[in-house]
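Quick look at structure32.txt (compact mmCIF, C-alpha atoms):
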```
# COMPACT_ATOMS: atom_id res chain seq x y z
CA SER F 1 0.00 0.00 0.00
CA TYR F 2 2.82 2.41 0.92
CA CYS F 3 4.81 1.68 -2.24
CA LEU F 4 1.68 1.84 -4.41
CA GLY F 5 0.93 5.22 -2.86
CA LEU F 6 4.43 6.48 -3.68
CA LEU F 7 4.12 5.24 -7.27
CA LEU F 8 0.77 7.05 -7.70
CA LEU F 9 2.31 10.21 -6.20
CA ALA F 10 5.14 9.97 -8.73
CA PHE F 11 2.68 9.78 -11.64
CA GLY F 12 0.95 12.81 -10.15
CA VAL F 13 4.26 14.70 -10.28
CA THR F 14 4.82 13.67 -13.91
CA PHE F 15 1.36 14.78 -15.07
CA SER F 16 1.72 18.11 -13.25
CA VAL F 17 5.03 18.69 -15.07
CA ARG F 18 3.37 17.77 -18.40
CA SER F 19 0.55 20.24 -17.75
CA ASN F 20 3.15 23.05 -17.74
CA LEU F 21 0.95 24.94 -15.26
CA GLY F 22 3.25 24.53 -12.27
CA VAL F 23 3.88 21.58 -9.95
CA SER F 24 2.46 21.01 -6.46
CA PRO F 25 4.16 22.95 -3.62
CA VAL F 26 6.02 19.99 -2.10
CA ASN F 27 7.62 19.14 -5.47
CA SER F 28 8.30 22.73 -6.55
CA ILE F 29 11.87 23.04 -5.21
CA PRO F 30 13.19 19.78 -6.77
CA TYR F 31 11.49 20.60 -10.08
CA VAL F 32 12.88 24.14 -10.33
CA LEU F 33 16.36 22.87 -9.36
CA SER F 34 16.03 20.19 -12.05
CA LEU F 35 15.18 22.82 -14.68
CA LEU F 36 18.09 24.97 -13.52
CA THR F 37 20.80 22.29 -13.26
CA GLY F 38 19.68 19.68 -15.78
CA ILE F 39 19.99 17.00 -13.09
CA GLU F 40 17.24 14.36 -13.23
CA GLN F 41 14.17 15.39 -11.23
CA GLY F 42 13.98 12.08 -9.34
CA LEU F 43 17.53 12.48 -7.97
CA LEU F 44 16.87 16.02 -6.81
CA THR F 45 13.55 14.95 -5.25
CA THR F 46 15.46 12.39 -3.16
CA ALA F 47 18.11 14.99 -2.19
CA VAL F 48 15.60 17.68 -1.18
CA PHE F 49 13.43 15.18 0.72
CA CYS F 50 16.51 13.93 2.63
CA SER F 51 17.23 17.55 3.63
CA TYR F 52 13.72 17.64 5.14
CA ILE F 53 14.69 14.66 7.34
CA LEU F 54 17.65 16.70 8.63
CA VAL F 55 15.26 19.60 9.38
CA GLN F 56 13.07 17.18 11.37
CA ALA F 57 16.10 16.04 13.40
CA ILE F 58 17.03 19.67 14.16
CA ILE F 59 13.48 20.54 15.25
CA LEU F 60 12.82 17.37 17.30
CA LYS F 61 16.35 16.89 18.72
CA LYS F 62 16.11 13.99 21.24
CA GLU F 63 12.52 13.28 20.21
CA PHE F 64 13.65 12.31 16.71
CA LYS F 65 13.05 8.55 16.53
CA PRO F 66 15.41 6.15 14.68
CA ILE F 67 12.44 4.77 12.70
CA ASN F 68 12.21 8.19 11.02
CA LEU F 69 15.45 7.32 9.21
CA LEU F 70 13.33 4.93 7.13
CA GLN F 71 12.23 8.09 5.36
CA ILE F 72 15.63 8.08 3.61
CA VAL F 73 14.78 4.69 2.05
CA PHE F 74 11.30 5.80 1.02
CA SER F 75 12.61 9.14 -0.30
CA SER F 76 15.06 7.23 -2.51
CA LEU F 77 12.25 4.94 -3.66
CA PHE F 78 10.00 7.89 -4.42
CA GLY F 79 12.81 9.60 -6.36
CA TYR F 80 13.22 6.40 -8.41
CA PHE F 81 9.47 6.28 -9.06
CA VAL F 82 9.52 9.91 -10.27
CA THR F 83 12.33 9.02 -12.69
CA PHE F 84 10.40 5.91 -13.78
CA SER F 85 7.10 7.76 -14.35
CA ASN F 86 8.86 10.60 -16.21
CA HIS F 87 10.52 8.02 -18.48
CA LEU F 88 7.28 6.06 -18.97
CA CYS F 89 5.32 9.19 -19.87
CA GLY F 90 8.18 10.74 -21.85
CA SER F 91 6.32 10.34 -25.13
CA LEU F 92 3.33 12.32 -23.85
CA PRO F 93 3.32 15.74 -25.52
CA THR F 94 3.12 18.94 -23.50
CA PRO F 95 -0.28 20.21 -24.64
CA SER F 96 -0.55 23.74 -26.02
CA ASN F 97 -4.32 23.97 -25.48
CA TYR F 98 -5.03 25.49 -22.05
CA GLY F 99 -8.11 23.30 -21.51
CA VAL F 100 -6.09 20.12 -22.14
CA ARG F 101 -3.38 21.40 -19.80
CA LEU F 102 -6.01 21.87 -17.09
CA CYS F 103 -7.12 18.26 -17.72
CA PHE F 104 -3.52 17.08 -17.23
CA LEU F 105 -3.40 19.08 -13.99
CA ALA F 106 -6.69 17.51 -12.82
CA VAL F 107 -5.34 14.00 -13.57
CA SER F 108 -2.19 14.90 -11.63
CA MET F 109 -4.23 16.01 -8.60
CA VAL F 110 -6.28 12.78 -8.61
CA PHE F 111 -3.06 10.69 -8.79
CA VAL F 112 -1.55 12.64 -5.87
CA ALA F 113 -4.73 12.36 -3.76
CA LEU F 114 -4.93 8.59 -4.46
CA GLY F 115 -1.24 8.22 -3.62
CA LEU F 116 -1.68 10.07 -0.33
CA MET F 117 -4.69 7.91 0.56
CA PHE F 118 -2.78 4.65 -0.01
CA TYR F 119 0.46 5.63 1.68
CA LEU F 120 -1.25 7.24 4.69
CA ALA F 121 -3.41 4.10 5.11
CA ALA F 122 -0.21 2.02 5.44
CA ASP F 123 0.79 4.16 8.48
CA ILE F 124 4.52 3.35 8.40
CA VAL F 125 6.42 6.65 8.42
CA PRO F 126 5.37 10.03 6.99
CA GLN F 127 6.89 11.43 3.84
CA PRO F 128 9.72 13.85 4.78
CA ALA F 129 7.73 17.02 4.04
CA GLU F 130 4.86 15.80 6.22
CA GLY F 131 7.44 14.78 8.83
CA VAL F 132 8.62 18.40 9.03
CA MET F 133 5.01 19.58 9.39
CA LEU F 134 4.33 17.03 12.14
CA ALA F 135 7.53 18.06 13.95
CA ILE F 136 6.52 21.74 13.87
CA ASN F 137 3.00 20.77 15.02
CA LEU F 138 4.45 18.76 17.93
CA LYS F 139 6.85 21.48 19.06
CA THR F 140 4.59 24.52 18.62
CA GLY F 141 1.09 23.15 19.10
CA ILE F 142 -0.05 24.94 15.93
CA GLU F 143 -2.78 22.98 14.12
CA PHE F 144 -1.44 20.63 11.43
CA SER F 145 -3.66 22.19 8.74
CA LYS F 146 -2.21 25.64 9.51
CA VAL F 147 1.34 24.27 9.56
CA LYS F 148 0.72 22.68 6.13
CA VAL F 149 -0.38 26.03 4.68
CA MET F 150 2.70 27.76 6.15
CA PHE F 151 5.02 25.01 4.87
CA ASP F 152 3.50 25.08 1.38
CA VAL F 153 3.81 28.87 1.23
CA CYS F 154 7.46 28.71 2.35
CA VAL F 155 8.53 26.08 -0.19
CA VAL F 156 6.73 27.87 -3.03
CA ILE F 157 8.46 31.15 -2.08
CA ILE F 158 11.85 29.36 -2.02
CA ALA F 159 11.16 27.69 -5.40
CA ALA F 160 10.02 31.01 -6.88
CA ALA F 161 13.14 32.75 -5.54
CA ILE F 162 15.43 30.05 -7.03
CA SER F 163 13.60 30.42 -10.35
CA LEU F 164 13.81 34.22 -10.38
CA ILE F 165 17.52 34.18 -9.48
CA GLY F 166 18.37 31.39 -11.95
CA PHE F 167 16.13 32.29 -14.91
CA GLY F 168 15.08 35.88 -14.23
CA LYS F 169 11.44 34.70 -14.43
CA LEU F 170 9.07 32.20 -12.82
CA GLN F 171 9.52 28.59 -13.99
CA GLY F 172 7.69 25.61 -12.51
CA VAL F 173 5.62 27.76 -10.13
CA ARG F 174 2.36 28.90 -11.70
CA GLU F 175 -1.39 28.90 -11.18
CA GLY F 176 -1.36 25.09 -11.16
CA THR F 177 0.75 25.20 -7.98
CA VAL F 178 -1.99 27.18 -6.20
CA ILE F 179 -4.78 25.03 -7.69
CA ALA F 180 -2.96 21.87 -6.54
CA ALA F 181 -2.36 23.27 -3.05
CA ILE F 182 -6.11 23.87 -2.63
CA GLY F 183 -7.56 21.05 -4.73
CA ILE F 184 -5.55 17.99 -3.65
CA GLY F 185 -6.79 18.24 -0.05
CA LYS F 186 -10.39 18.50 -1.23
CA ILE F 187 -10.06 15.50 -3.58
CA LEU F 188 -8.37 13.51 -0.79
CA GLY F 189 -11.28 14.35 1.54
CA ILE F 190 -13.80 12.99 -1.00
CA LEU F 191 -11.74 9.83 -1.65
CA ASN F 192 -11.29 9.20 2.09
CA GLN F 193 -15.03 9.45 2.67
CA LYS F 194 -15.74 6.89 -0.06
CA TYR F 195 -12.83 4.46 0.09
CA LYS F 196 -10.65 4.93 3.22
CA LYS F 197 -12.47 2.31 5.33
CA SER F 198 -12.43 -0.26 2.49
CA ILE F 199 -8.66 0.20 2.02
CA GLU F 200 -7.97 -0.03 5.78
CA ASP F 201 -10.13 -3.18 6.08
CA PHE F 202 -8.28 -4.72 3.11
CA LEU F 203 -4.87 -3.93 4.67
CA HIS F 204 -5.87 -5.34 8.08
CA ASN F 205 -7.05 -8.57 6.47
CA MET F 206 -3.84 -9.11 4.52
```
Show me the file's structure as structure tokens.
Amino acid sequence: SYCLGLLLLAFGVTFSVRSNLGVSPVNSIPYVLSLLTGIEQGLLTTAVFCSYILVQAIILKKEFKPINLLQIVFSSLFGYFVTFSNHLCGSLPTPSNYGVRLCFLAVSMVFVALGLMFYLAADIVPQPAEGVMLAINLKTGIEFSKVKVMFDVCVVIIAAAISLIGFGKLQGVREGTVIAAIGIGKILGILNQKYKKSIEDFLHNM
């Protein structure tokens, strides 16, 4: 379930890139760095996600649990899946029609929401970005939903700054980034209402 979730998330990343309307906040920094350096997006996703694990360790200090180091393994796996999905969908054209691009973005959001539903149902360790949010939530007492908004805003600002410094214009951060930030949570809420219990029952019976 966890690995299936990561694979679906990776396809979500690929379709958001193909939409050319901007990627989701959590993937914005690796994507902009990939555009800037030419290094494969999957490798940079792994590197950036591993830096989030370091941030967790700094925030939590003694409360950082050894099991959280499993995030390094899953970050590497997710990075591989991003490379795999990019390669598999490499023949897909980047659509010029804005309506088709919005369709690609919608498909991306559904993939990401499905991926989140499957990997959260497995309840092993959080993805590194969520791990940072949970660490901030634990240490400050600020509601997780508010921490998520703050985190998403911060990473988008950083990605935008990297893009402006490197290209002199915005690349990879567009209206799709904002739509994804708002829409994925709503789609996930709908999917959880309909299918979460069925998935959890299936996992418990395995």
Compile the contact shell of range 45-57 of chain F as a count of residues only: residues with an atom at most 7 Å away, counting only C-alpha atoms, same-chain residues fewer than 3 positions apart removed.
15
Could you tell me how far CA of Ala113 in chain F sits from CA of Leu88 in chain F, in Å to one decimal place?
20.4 Å
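CA of Asn27 in chain F lies 12.5 Å from CA of Glu130 in chain F.
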To one decimal place, how far is CA of Val32 in chain F from CA of Val173 in chain F in Å?
8.1 Å
Tell me which of F:Leu170, F:Arg18, F:Leu114, F:Leu9 sits closest to Lys194 in chain F, counting all atoms listed in the file.
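Checking each candidate against Lys194 in chain F, we get F:Leu114 as the closest.
Residues within 9 Å of Leu21 in chain F, counting only C-alpha atoms and excluding same-chain residues fewer than 6 positions away, are Arg101, Leu102, Leu105, Gly172, Val173, Arg174, Glu175, Gly176 and Thr177 of chain F.
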Name the closest residue to Gln127 in chain F among the candidates F:Gln71, F:Ser34, F:Ser198, F:Asn20; distances are taken between atoms, counting only C-alpha atoms.
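With only C-alpha atoms as the atom set, the closest residue is F:Gln71.
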Which residues, written as a tab-separated table (two decimals) with C-alpha atoms, in the frame of the given file, have at least one atom at most 12 Å from Ile182 in chain F, with only C-alpha atoms counted and residues fewer than 2 positions away on the same chain left out?
```tsv
chain	number	residue	atom	x	y	z
F	24	SER	CA	2.46	21.01	-6.46
F	25	PRO	CA	4.16	22.95	-3.62
F	109	MET	CA	-4.23	16.01	-8.60
F	113	ALA	CA	-4.73	12.36	-3.76
F	145	SER	CA	-3.66	22.19	8.74
F	148	LYS	CA	0.72	22.68	6.13
F	149	VAL	CA	-0.38	26.03	4.68
F	152	ASP	CA	3.50	25.08	1.38
F	153	VAL	CA	3.81	28.87	1.23
F	175	GLU	CA	-1.39	28.90	-11.18
F	176	GLY	CA	-1.36	25.09	-11.16
F	177	THR	CA	0.75	25.20	-7.98
F	178	VAL	CA	-1.99	27.18	-6.20
F	179	ILE	CA	-4.78	25.03	-7.69
F	180	ALA	CA	-2.96	21.87	-6.54
F	184	ILE	CA	-5.55	17.99	-3.65
F	185	GLY	CA	-6.79	18.24	-0.05
F	186	LYS	CA	-10.39	18.50	-1.23
F	187	ILE	CA	-10.06	15.50	-3.58
F	188	LEU	CA	-8.37	13.51	-0.79
F	189	GLY	CA	-11.28	14.35	1.54
```
Identify which of the residues F:Thr14, F:Val155, F:Ala106, F:Ile199 lies closest to Phe84 in chain F, counting all atoms listed in the file when measuring atom-to-atom distances.
F:Thr14
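Distances here use only C-alpha atoms; by that measure, the residue among F:Leu92, F:Glu63, F:Gly12, F:Val147 closest to Leu134 in chain F is F:Val147.
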Compile the contact shell of Ala122 in chain F as number ranges by chain: residues with an atom at most 7 Å away, counting only C-alpha atoms, same-chain residues fewer than 3 positions apart removed.
F: 1-2, 118-119
Just C-alpha atoms for this one: save the residues we selected as a PDB file, in the frame of the given file.
```
ATOM      1  CA  SER F   1       0.000   0.000   0.000  1.00  0.00           C
ATOM      2  CA  TYR F   2       2.820   2.410   0.920  1.00  0.00           C
ATOM      3  CA  PHE F 118      -2.780   4.650  -0.010  1.00  0.00           C
ATOM      4  CA  TYR F 119       0.460   5.630   1.680  1.00  0.00           C
TER       5      TYR F 119
END
```
Check the smallest atom-to-atom distance from each of F:Leu120, F:Leu69, F:Ala161, F:Leu191 to Ser28 in chain F using all atoms listed in the file, then report the winner.
F:Ala161
